[in-house]
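Student: Sharing work.cif (mmCIF, C-alpha atoms) below.
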data_protein
loop_
_atom_site.group_PDB
_atom_site.id
_atom_site.type_symbol
_atom_site.label_atom_id
_atom_site.label_comp_id
_atom_site.auth_asym_id
_atom_site.auth_seq_id
_atom_site.Cartn_x
_atom_site.Cartn_y
_atom_site.Cartn_z
ATOM 1 C CA MET A 19 -13.025 -13.301 -1.308
ATOM 2 C CA SER A 20 -16.275 -13.172 -3.217
ATOM 3 C CA ARG A 21 -17.226 -16.453 -4.887
ATOM 4 C CA GLY A 22 -19.023 -14.730 -7.713
ATOM 5 C CA SER A 23 -16.050 -12.619 -8.815
ATOM 6 C CA GLY A 24 -13.355 -15.013 -7.642
ATOM 7 C CA ILE A 25 -10.351 -13.019 -6.506
ATOM 8 C CA ILE A 26 -12.098 -9.655 -6.022
ATOM 9 C CA PRO A 27 -12.672 -8.913 -2.308
ATOM 10 C CA GLU A 28 -16.171 -8.831 -0.928
ATOM 11 C CA GLU A 29 -17.617 -6.577 1.767
ATOM 12 C CA SER A 30 -16.280 -8.690 4.621
ATOM 13 C CA MET A 31 -12.682 -7.957 3.596
ATOM 14 C CA PHE A 32 -13.323 -4.217 3.658
ATOM 15 C CA ASN A 33 -14.929 -4.567 7.091
ATOM 16 C CA GLU A 34 -11.986 -6.560 8.426
ATOM 17 C CA PHE A 35 -9.518 -4.026 7.037
ATOM 18 C CA LYS A 36 -11.390 -1.162 8.689
ATOM 19 C CA ARG A 37 -11.520 -3.111 11.942
ATOM 20 C CA GLN A 38 -7.755 -3.496 11.920
ATOM 21 C CA CYS A 39 -7.259 0.185 11.132
ATOM 22 C CA LEU A 40 -9.340 1.216 14.149
ATOM 23 C CA SER A 41 -8.232 -1.522 16.555
ATOM 24 C CA THR A 42 -5.832 -0.943 19.448
ATOM 25 C CA GLU A 43 -5.641 -4.556 20.644
ATOM 26 C CA ASN A 44 -2.357 -6.339 19.805
ATOM 27 C CA TRP A 45 -0.781 -3.168 18.411
ATOM 28 C CA LEU A 46 2.446 -1.789 19.911
ATOM 29 C CA SER A 47 3.088 1.955 19.658
ATOM 30 C CA LYS A 48 6.415 2.846 18.055
ATOM 31 C CA TYR A 49 6.014 6.565 17.359
ATOM 32 C CA ASP A 50 3.657 9.339 18.412
ATOM 33 C CA LYS A 51 4.671 12.878 17.521
ATOM 34 C CA ASN A 52 3.321 15.925 15.676
ATOM 35 C CA GLY A 53 0.044 14.311 14.682
ATOM 36 C CA MET A 54 1.711 11.125 13.418
ATOM 37 C CA GLU A 55 1.332 7.733 15.124
ATOM 38 C CA VAL A 56 2.982 4.431 14.180
ATOM 39 C CA TRP A 57 2.196 0.952 15.517
ATOM 40 C CA VAL A 58 3.341 -2.581 14.729
ATOM 41 C CA GLU A 59 1.171 -5.627 15.249
ATOM 42 C CA VAL A 60 2.269 -8.059 17.944
ATOM 43 C CA ALA A 61 1.243 -11.672 18.412
ATOM 44 C CA PRO A 62 -1.674 -12.069 20.841
ATOM 45 C CA LEU A 63 -0.658 -13.207 24.326
ATOM 46 C CA SER A 64 -2.949 -16.175 23.897
ATOM 47 C CA PHE A 65 -1.128 -17.244 20.758
ATOM 48 C CA SER A 66 -0.033 -20.810 21.400
ATOM 49 C CA GLN A 67 3.565 -21.877 20.987
ATOM 50 C CA GLY A 68 2.456 -24.682 18.741
ATOM 51 C CA ASN A 69 1.003 -22.282 16.156
ATOM 52 C CA LYS A 70 3.788 -19.735 16.331
ATOM 53 C CA GLY A 71 5.263 -20.866 13.039
ATOM 54 C CA SER A 72 2.135 -19.727 11.216
ATOM 55 C CA TYR A 73 2.421 -16.187 12.578
ATOM 56 C CA SER A 74 4.114 -14.019 9.954
ATOM 57 C CA LYS A 75 7.538 -12.636 10.819
ATOM 58 C CA VAL A 76 6.946 -9.650 8.553
ATOM 59 C CA HIS A 77 5.367 -6.977 10.717
ATOM 60 C CA LYS A 78 2.040 -5.493 9.949
ATOM 61 C CA ILE A 79 2.516 -1.746 10.365
ATOM 62 C CA LYS A 80 -0.105 0.937 10.899
ATOM 63 C CA CYS A 81 0.347 4.695 10.601
ATOM 64 C CA ARG A 82 -2.222 7.344 11.385
ATOM 65 C CA MET A 83 -1.868 10.974 10.453
ATOM 66 C CA THR A 84 -4.030 13.889 11.529
ATOM 67 C CA ILE A 85 -4.493 16.257 8.588
ATOM 68 C CA ASN A 86 -5.895 19.705 9.316
ATOM 69 C CA ASP A 87 -5.625 21.388 5.921
ATOM 70 C CA VAL A 88 -6.714 18.853 3.265
ATOM 71 C CA SER A 89 -10.105 17.204 2.826
ATOM 72 C CA ALA A 90 -10.617 13.438 2.915
ATOM 73 C CA GLY A 91 -11.878 13.530 -0.673
ATOM 74 C CA THR A 92 -8.732 15.268 -1.902
ATOM 75 C CA MET A 93 -6.446 12.771 -0.147
ATOM 76 C CA TYR A 94 -8.457 9.950 -1.711
ATOM 77 C CA ASP A 95 -8.029 11.493 -5.166
ATOM 78 C CA VAL A 96 -4.274 11.844 -4.622
ATOM 79 C CA LEU A 97 -3.933 8.128 -3.886
ATOM 80 C CA HIS A 98 -5.805 7.230 -7.080
ATOM 81 C CA ASP A 99 -4.344 9.735 -9.523
ATOM 82 C CA GLY A 100 -1.489 7.972 -11.285
ATOM 83 C CA GLN A 101 -0.625 10.972 -13.445
ATOM 84 C CA TYR A 102 -0.229 13.189 -10.402
ATOM 85 C CA ARG A 103 1.910 10.603 -8.618
ATOM 86 C CA LYS A 104 4.590 11.101 -11.253
ATOM 87 C CA THR A 105 5.010 14.661 -9.961
ATOM 88 C CA TRP A 106 5.520 13.898 -6.272
ATOM 89 C CA ASP A 107 6.821 10.304 -5.831
ATOM 90 C CA PRO A 108 10.634 10.476 -6.197
ATOM 91 C CA THR A 109 11.126 6.720 -5.701
ATOM 92 C CA MET A 110 8.800 5.642 -8.507
ATOM 93 C CA LEU A 111 10.426 3.975 -11.505
ATOM 94 C CA GLU A 112 7.303 2.984 -13.393
ATOM 95 C CA SER A 113 3.612 2.854 -12.593
ATOM 96 C CA PHE A 114 0.588 2.040 -14.697
ATOM 97 C CA ASP A 115 -2.861 0.483 -14.524
ATOM 98 C CA ILE A 116 -3.108 -2.755 -16.501
ATOM 99 C CA ALA A 117 -6.813 -3.539 -16.651
ATOM 100 C CA ARG A 118 -10.166 -3.001 -15.017
ATOM 101 C CA LEU A 119 -11.740 -5.912 -13.166
ATOM 102 C CA ALA A 120 -14.932 -4.246 -11.913
ATOM 103 C CA PRO A 121 -16.282 -0.686 -11.491
ATOM 104 C CA ASN A 122 -14.267 -0.430 -8.245
ATOM 105 C CA ALA A 123 -11.336 -2.771 -8.913
ATOM 106 C CA ASP A 124 -8.309 -2.873 -11.173
ATOM 107 C CA VAL A 125 -4.915 -4.511 -11.489
ATOM 108 C CA GLY A 126 -1.746 -2.460 -11.808
ATOM 109 C CA TYR A 127 2.041 -2.434 -11.878
ATOM 110 C CA TYR A 128 4.436 -0.365 -9.761
ATOM 111 C CA SER A 129 8.236 -0.394 -9.504
ATOM 112 C CA TRP A 130 10.416 1.720 -7.271
ATOM 113 C CA LEU A 131 13.982 2.713 -6.529
ATOM 114 C CA CYS A 132 15.714 1.228 -3.501
ATOM 115 C CA PRO A 133 18.854 2.660 -1.885
ATOM 116 C CA LYS A 134 22.067 0.996 -3.028
ATOM 117 C CA PRO A 135 23.207 -1.738 -2.722
ATOM 118 C CA LEU A 136 19.598 -2.952 -2.612
ATOM 119 C CA LYS A 137 18.049 -4.114 -5.867
ATOM 120 C CA ASN A 138 15.044 -2.145 -7.075
ATOM 121 C CA ARG A 139 11.613 -3.689 -6.478
ATOM 122 C CA ASP A 140 8.343 -4.093 -8.330
ATOM 123 C CA VAL A 141 4.891 -5.371 -7.540
ATOM 124 C CA VAL A 142 1.692 -6.338 -9.358
ATOM 125 C CA THR A 143 -1.399 -5.718 -7.270
ATOM 126 C CA LEU A 144 -5.138 -5.972 -7.351
ATOM 127 C CA ARG A 145 -6.608 -2.747 -5.999
ATOM 128 C CA THR A 146 -10.185 -2.192 -4.932
ATOM 129 C CA TRP A 147 -11.916 0.750 -3.285
ATOM 130 C CA GLN A 148 -15.044 2.170 -1.677
ATOM 131 C CA ALA A 149 -16.074 5.795 -1.225
ATOM 132 C CA SER A 150 -18.854 7.400 0.811
ATOM 133 C CA GLU A 151 -19.483 10.649 2.662
ATOM 134 C CA ASP A 152 -18.281 9.021 5.890
ATOM 135 C CA GLU A 153 -15.116 7.274 4.724
ATOM 136 C CA TYR A 154 -12.855 6.332 1.851
ATOM 137 C CA VAL A 155 -11.141 2.932 1.664
ATOM 138 C CA ILE A 156 -8.506 1.537 -0.702
ATOM 139 C CA ILE A 157 -6.966 -1.926 -0.297
ATOM 140 C CA ASN A 158 -4.547 -3.924 -2.431
ATOM 141 C CA PHE A 159 -2.710 -7.230 -2.432
ATOM 142 C CA SER A 160 -0.269 -8.955 -4.761
ATOM 143 C CA VAL A 161 -1.472 -11.066 -7.651
ATOM 144 C CA LYS A 162 0.067 -13.064 -10.479
ATOM 145 C CA HIS A 163 -0.678 -11.666 -13.932
ATOM 146 C CA PRO A 164 0.102 -13.921 -16.906
ATOM 147 C CA LYS A 165 1.618 -11.046 -18.922
ATOM 148 C CA TYR A 166 3.656 -9.498 -16.088
ATOM 149 C CA PRO A 167 5.867 -12.206 -14.559
ATOM 150 C CA PRO A 168 8.840 -11.296 -12.302
ATOM 151 C CA ARG A 169 11.626 -9.488 -14.153
ATOM 152 C CA LYS A 170 15.297 -10.426 -13.945
ATOM 153 C CA ASP A 171 16.402 -6.837 -13.279
ATOM 154 C CA LEU A 172 14.010 -6.303 -10.346
ATOM 155 C CA VAL A 173 12.999 -8.148 -7.180
ATOM 156 C CA ARG A 174 9.266 -8.942 -7.123
ATOM 157 C CA ALA A 175 7.907 -7.805 -3.755
ATOM 158 C CA VAL A 176 4.677 -9.045 -2.179
ATOM 159 C CA SER A 177 1.866 -7.020 -0.655
ATOM 160 C CA LEU A 178 0.034 -9.357 1.694
ATOM 161 C CA LEU A 179 -2.381 -6.544 2.526
ATOM 162 C CA THR A 180 -1.913 -2.811 2.096
ATOM 163 C CA GLY A 181 -4.469 -0.060 2.239
ATOM 164 C CA TYR A 182 -5.815 3.274 3.395
ATOM 165 C CA LEU A 183 -8.757 4.376 5.494
ATOM 166 C CA ILE A 184 -9.557 8.084 5.270
ATOM 167 C CA LYS A 185 -12.248 9.549 7.501
ATOM 168 C CA PRO A 186 -13.368 13.191 7.307
ATOM 169 C CA THR A 187 -13.080 15.215 10.510
ATOM 170 C CA GLY A 188 -14.308 18.434 8.898
ATOM 171 C CA PRO A 189 -14.813 20.014 5.449
ATOM 172 C CA ASN A 190 -11.055 20.479 5.023
ATOM 173 C CA SER A 191 -9.550 17.986 7.465
ATOM 174 C CA CYS A 192 -9.325 14.229 7.928
ATOM 175 C CA ARG A 193 -7.810 11.291 9.759
ATOM 176 C CA PHE A 194 -5.607 9.320 7.375
ATOM 177 C CA THR A 195 -4.690 5.709 8.248
ATOM 178 C CA TYR A 196 -2.235 3.534 6.344
ATOM 179 C CA LEU A 197 -1.940 -0.177 7.110
ATOM 180 C CA SER A 198 0.461 -2.549 5.412
ATOM 181 C CA GLN A 199 1.970 -5.991 5.608
ATOM 182 C CA ALA A 200 4.416 -6.280 2.733
ATOM 183 C CA ASP A 201 7.461 -8.437 2.097
ATOM 184 C CA PRO A 202 10.145 -6.846 -0.123
ATOM 185 C CA LYS A 203 11.580 -10.344 -0.722
ATOM 186 C CA GLY A 204 15.226 -10.706 -1.695
ATOM 187 C CA SER A 205 17.374 -12.124 1.094
ATOM 188 C CA LEU A 206 17.023 -9.229 3.510
ATOM 189 C CA PRO A 207 16.576 -10.386 7.110
ATOM 190 C CA LYS A 208 13.100 -9.744 8.475
ATOM 191 C CA TRP A 209 14.413 -7.472 11.254
ATOM 192 C CA VAL A 210 15.844 -5.132 8.608
ATOM 193 C CA VAL A 211 12.506 -5.058 6.790
ATOM 194 C CA ASN A 212 10.563 -4.415 9.984
ATOM 195 C CA LYS A 213 12.864 -1.679 11.273
ATOM 196 C CA ALA A 214 13.053 0.082 7.911
ATOM 197 C CA SER A 215 9.280 0.098 7.493
ATOM 198 C CA GLN A 216 8.824 1.880 10.836
ATOM 199 C CA VAL A 217 11.191 4.639 9.698
ATOM 200 C CA LEU A 218 10.051 4.950 6.089
ATOM 201 C CA ALA A 219 6.271 4.838 6.547
ATOM 202 C CA PRO A 220 5.986 8.217 8.361
ATOM 203 C CA LYS A 221 8.180 9.843 5.706
ATOM 204 C CA VAL A 222 5.992 8.472 2.946
ATOM 205 C CA LEU A 223 2.826 9.696 4.657
ATOM 206 C CA ARG A 224 4.254 13.182 5.038
ATOM 207 C CA SER A 225 5.007 13.184 1.319
ATOM 208 C CA VAL A 226 1.429 12.134 0.582
ATOM 209 C CA HIS A 227 0.164 14.936 2.824
ATOM 210 C CA MET A 228 2.269 17.503 0.953
ATOM 211 C CA ALA A 229 0.965 16.091 -2.317
ATOM 212 C CA GLY A 230 -2.568 16.577 -1.013
ATOM 213 C CA GLN A 231 -1.867 20.226 -0.255
ATOM 214 C CA LYS A 232 -0.774 20.848 -3.851
ATOM 215 C CA TYR A 233 -3.281 18.614 -5.627
ATOM 216 C CA PRO A 234 -6.251 21.007 -6.086
ATOM 217 C CA ALA A 235 -4.125 23.527 -8.000
ATOM 218 C CA TRP A 236 -2.503 20.794 -10.107
ATOM 219 C CA LYS A 237 -5.792 19.048 -10.885
ATOM 220 C CA ALA A 238 -7.434 22.297 -11.904
ATOM 221 C CA ALA A 239 -4.956 22.447 -14.791
ATOM 222 C CA HIS A 240 -4.978 18.728 -15.645
ATOM 223 C CA SER A 241 -8.369 17.339 -16.717
ATOM 224 C CA PRO A 242 -10.174 18.526 -13.571
ATOM 225 C CA ASP A 243 -13.344 16.534 -14.311
ATOM 226 C CA HIS A 244 -11.574 13.269 -15.133
ATOM 227 C CA LYS A 245 -11.735 10.978 -12.096
ATOM 228 C CA PRO A 246 -12.461 7.409 -13.211
ATOM 229 C CA TRP A 247 -12.060 6.146 -9.640
ATOM 230 C CA LEU A 248 -15.217 8.130 -8.836
ATOM 231 C CA TYR A 249 -16.891 7.848 -12.242
ATOM 232 C CA PRO A 250 -16.194 4.349 -13.695
ATOM 233 C CA ILE A 251 -17.748 5.310 -17.034
ATOM 234 C CA GLN A 252 -14.683 7.524 -17.608
ATOM 235 C CA SER A 253 -12.273 4.587 -17.414
ATOM 236 C CA GLU A 254 -10.440 3.759 -20.637
ATOM 237 C CA LEU A 255 -8.800 0.613 -19.256
ATOM 238 C CA PRO A 256 -9.548 -2.685 -20.987
ATOM 239 C CA MET A 257 -11.697 -5.113 -19.043
ATOM 240 C CA MET A 258 -10.063 -8.297 -17.759
ATOM 241 C CA ASP A 259 -11.560 -11.503 -16.417
ATOM 242 C CA PRO A 260 -10.535 -11.717 -12.732
ATOM 243 C CA ALA A 261 -10.242 -15.483 -13.163
ATOM 244 C CA GLU A 262 -7.016 -14.880 -15.100
ATOM 245 C CA LEU A 263 -5.386 -13.651 -11.881
ATOM 246 C CA SER A 264 -4.242 -15.600 -8.840
ATOM 247 C CA ILE A 265 -2.892 -14.644 -5.428
ATOM 248 C CA GLN A 266 0.876 -14.065 -5.387
ATOM 249 C CA ARG A 267 2.398 -16.041 -2.534
ATOM 250 C CA GLY A 268 5.751 -14.891 -1.248
ATOM 251 C CA ASP A 269 7.164 -18.381 -0.891
ATOM 252 C CA SER A 270 6.786 -18.978 -4.637
ATOM 253 C CA LEU A 271 9.232 -16.197 -5.473
ATOM 254 C CA GLU A 272 12.977 -16.629 -5.668
ATOM 255 C CA ASN A 273 15.017 -15.019 -2.890
ATOM 256 C CA VAL A 274 17.638 -12.899 -4.644
ATOM 257 C CA ASP A 275 21.021 -12.791 -2.916
ATOM 258 C CA GLU A 276 21.585 -9.430 -1.249
ATOM 259 C CA SER A 277 24.147 -10.572 1.314
ATOM 260 C CA SER A 278 26.245 -7.435 0.893
ATOM 261 C CA THR A 279 23.190 -5.431 1.867
ATOM 262 C CA LYS A 280 22.774 -7.396 5.087
ATOM 263 C CA ASP A 281 26.322 -6.658 6.147
ATOM 264 C CA ALA A 282 25.993 -2.988 5.306
ATOM 265 C CA GLN A 283 22.730 -2.659 7.202
ATOM 266 C CA GLN A 284 24.054 -4.505 10.258
ATOM 267 C CA ASN A 285 27.139 -2.297 10.347
ATOM 268 C CA GLU A 286 24.996 0.813 10.045
ATOM 269 C CA ASP A 287 22.610 -0.368 12.741
ATOM 270 C CA SER A 288 25.447 -1.041 15.199
ATOM 271 C CA SER A 289 27.047 2.359 14.679
#
When written as structure tokens, how does the structure in this file appear?
Tutor:
Amino acid sequence: MSRGSGIIPEESMFNEFKRQCLSTENWLSKYDKNGMEVWVEVAPLSFSQGNKGSYSKVHKIKCRMTINDVSAGTMYDVLHDGQYRKTWDPTMLESFDIARLAPNADVGYYSWLCPKPLKNRDVVTLRTWQASEDEYVIINFSVKHPKYPPRKDLVRAVSLLTGYLIKPTGPNSCRFTYLSQADPKGSLPKWVVNKASQVLAPKVLRSVHMAGQKYPAWKAAHSPDHKPWLYPIQSELPMMDPAELSIQRGDSLENVDESSTKDAQQNEDSS
């Protein structure tokens, strides 16, 4: 993190995120079909038994999608455009930006539907981004916001690190990488979380791809020149002092009882 802006990531965090997106070392392939690849991170062979407890049991997952009909810039816009997301994200309950922290950083809220009998989830994240002709990067992680504490009707999930790296491969094509380590909390066993993420992530990416295909036509009819993620002067969000935020640690959140969900998932998995 940058000392000057406190919690806002500095260049080294972007570089490390990009390194992980492009790395093949300590990643195990789980899926490779029709231009979609999925990996999960595995502990290095040199990882000592004595430090094993510090290695997170929540998988870090990476998905890469080859897109041949949408530009990198358009996919980047899709990820930023909250108004457009309402038209294509069927799991979204509520989503809004809370405040701006810097020209390329904000804090926002997102809640989503989970399949029954799971409780629905929400998350408060700090998001920051970089854009150039060669690549587009977005990263986020969970933070505590004094005005948006965990709600009783939702389970507060934790994004340890989630983000996107989009690299152009042509004027209307790109390589789209999604990397995430997130804990949905509750009392779900980690193996359920890890297995579900490997199945859900490719579906989500395909939805994002379809949204990218339809975005130019939609944006042309909805404030086509309004893109505050590219032009910070257009932002109408209130400014917030980053010092008011702190990192959200998963172990500080209550584990909500979802024991019936465990049994249902185990029965389904064994069938």
Student: Considering all atoms listed in the file, can you say which of A:Lys203, A:Arg193, A:Lys80, A:His227 comes closest to A:Leu46?
Tutor: A:Lys80
Student: Which residue gives the smallest distance to A:Val56 among A:Ala261, A:Pro121, A:Leu172, A:Arg82, with all atoms listed in the file counted?
Tutor: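 Among A:Ala261, A:Pro121, A:Leu172, A:Arg82, it is A:Arg82 that comes nearest to A:Val56.
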Student: Excluding A:Ala229 and residues on its chain fewer than 4 positions from it, collect all residues at most 9 Å away from it, counting all atoms listed in the file, and give them as JSON, numbers by chain.
Tutor: {"A": [93, 96, 102, 103, 105, 106, 107, 224, 225, 233]}
Student: Quick one: pull the distance between atom CA of A:Ser129 and atom CA of A:Ala200, Å, one decimal.
Tutor: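 Going from atom CA of A:Ser129 over to atom CA of A:Ala200, I get 14.1 Å.
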Student: Evaluating the PyMOL selection byres ((chain A and resi 38-41) around 8) on the displayed file yields which residues, as a list in words?
Tutor: Glu34, Phe35, Lys36, Arg37, Thr42, Glu43, Trp45, Lys80, Leu183, Thr195, Tyr196 and Leu197 of chain A
Student: Pick from A:Ser30, A:Thr92, A:Ser253, A:Asn138: nearest to A:Asp115, with all atoms listed in the file counted?
Tutor: A:Ser253
Student: Which residue, A:Phe32, A:Gln199, A:Pro27, A:Thr143, has the smallest gap to A:Tyr166 when you use all atoms listed in the file?
Tutor: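 When distances to A:Tyr166 are compared using all atoms listed in the file, the smallest one comes from A:Thr143.
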Student: What lies within 6 Å of A:Trp130 using only C-alpha atoms, ignoring chain neighbours under 2 positions off, as a count of residues only?
Tutor: 4
Student: Could you state the separation of atom CA of A:Trp57 and atom CA of A:Val222 in Å, given to one decimal place?
Tutor: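 So the two atoms, atom CA of A:Trp57 and atom CA of A:Val222, lie 15.1 Å apart.
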Student: Quick one: residues within 10 Å of A:Tyr49, all atoms listed in the file counted, chain neighbours fewer than 6 positions away excluded, as a PDB file with C-alpha atoms, in the frame of the given file?
Tutor:
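Contents of result-v7.pdb, freshly written:
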ATOM      1  CA  GLU A  55       1.332   7.733  15.124  1.00  0.00           C
ATOM      2  CA  VAL A  56       2.982   4.431  14.180  1.00  0.00           C
ATOM      3  CA  TRP A  57       2.196   0.952  15.517  1.00  0.00           C
ATOM      4  CA  VAL A  58       3.341  -2.581  14.729  1.00  0.00           C
ATOM      5  CA  CYS A  81       0.347   4.695  10.601  1.00  0.00           C
ATOM      6  CA  GLN A 216       8.824   1.880  10.836  1.00  0.00           C
ATOM      7  CA  VAL A 217      11.191   4.639   9.698  1.00  0.00           C
ATOM      8  CA  PRO A 220       5.986   8.217   8.361  1.00  0.00           C
TER       9      PRO A 220
END
Student: Hey, what's within 8 Å of A:Gln266 if we count only C-alpha atoms and toss same-chain stuff fewer than 4 positions away? As number ranges by chain, please?
Tutor: A: 160-162, 176, 270
Student: State, in Å with one decimal place, the distance from atom CA of A:Glu151 to atom CA of A:Arg118.
Tutor: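 So the answer is 24.2 Å.
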Student: Rank nothing, just name the residue among A:Thr84, A:Ala219, A:Asn158, A:Lys134 nearest to A:Lys48, using only C-alpha atoms.
Tutor: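 Of A:Thr84, A:Ala219, A:Asn158, A:Lys134, the one nearest A:Lys48, counting only C-alpha atoms, is A:Ala219.
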Student: When you count only C-alpha atoms, which of these residues is closest to A:Gln231: A:Leu218, A:Asp140, A:Val88, A:Ile79?
Tutor: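 Smallest separation from A:Gln231 among the options: A:Val88.
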Student: Got a sec to resolve the PyMOL selection byres ((chain A and resi 98) around 12) on this structure and send the residues as a VMD selection string?
Tutor: chain A and resid 91 to 97 99 to 104 113 to 115 122 to 124 126 145 to 149 154 to 157 181 to 182 226 230 233 244 to 248
Student: Set the distance at 8 Å and use only C-alpha atoms: which residues neighbour A:Ser89 once local chain neighbours fewer than 2 positions away are removed? I'd like the list as a list of chain:residue names.
Tutor: A:Asp87, A:Gly91, A:Thr92, A:Met93, A:Pro186, A:Gly188, A:Pro189, A:Asn190, A:Ser191, A:Cys192
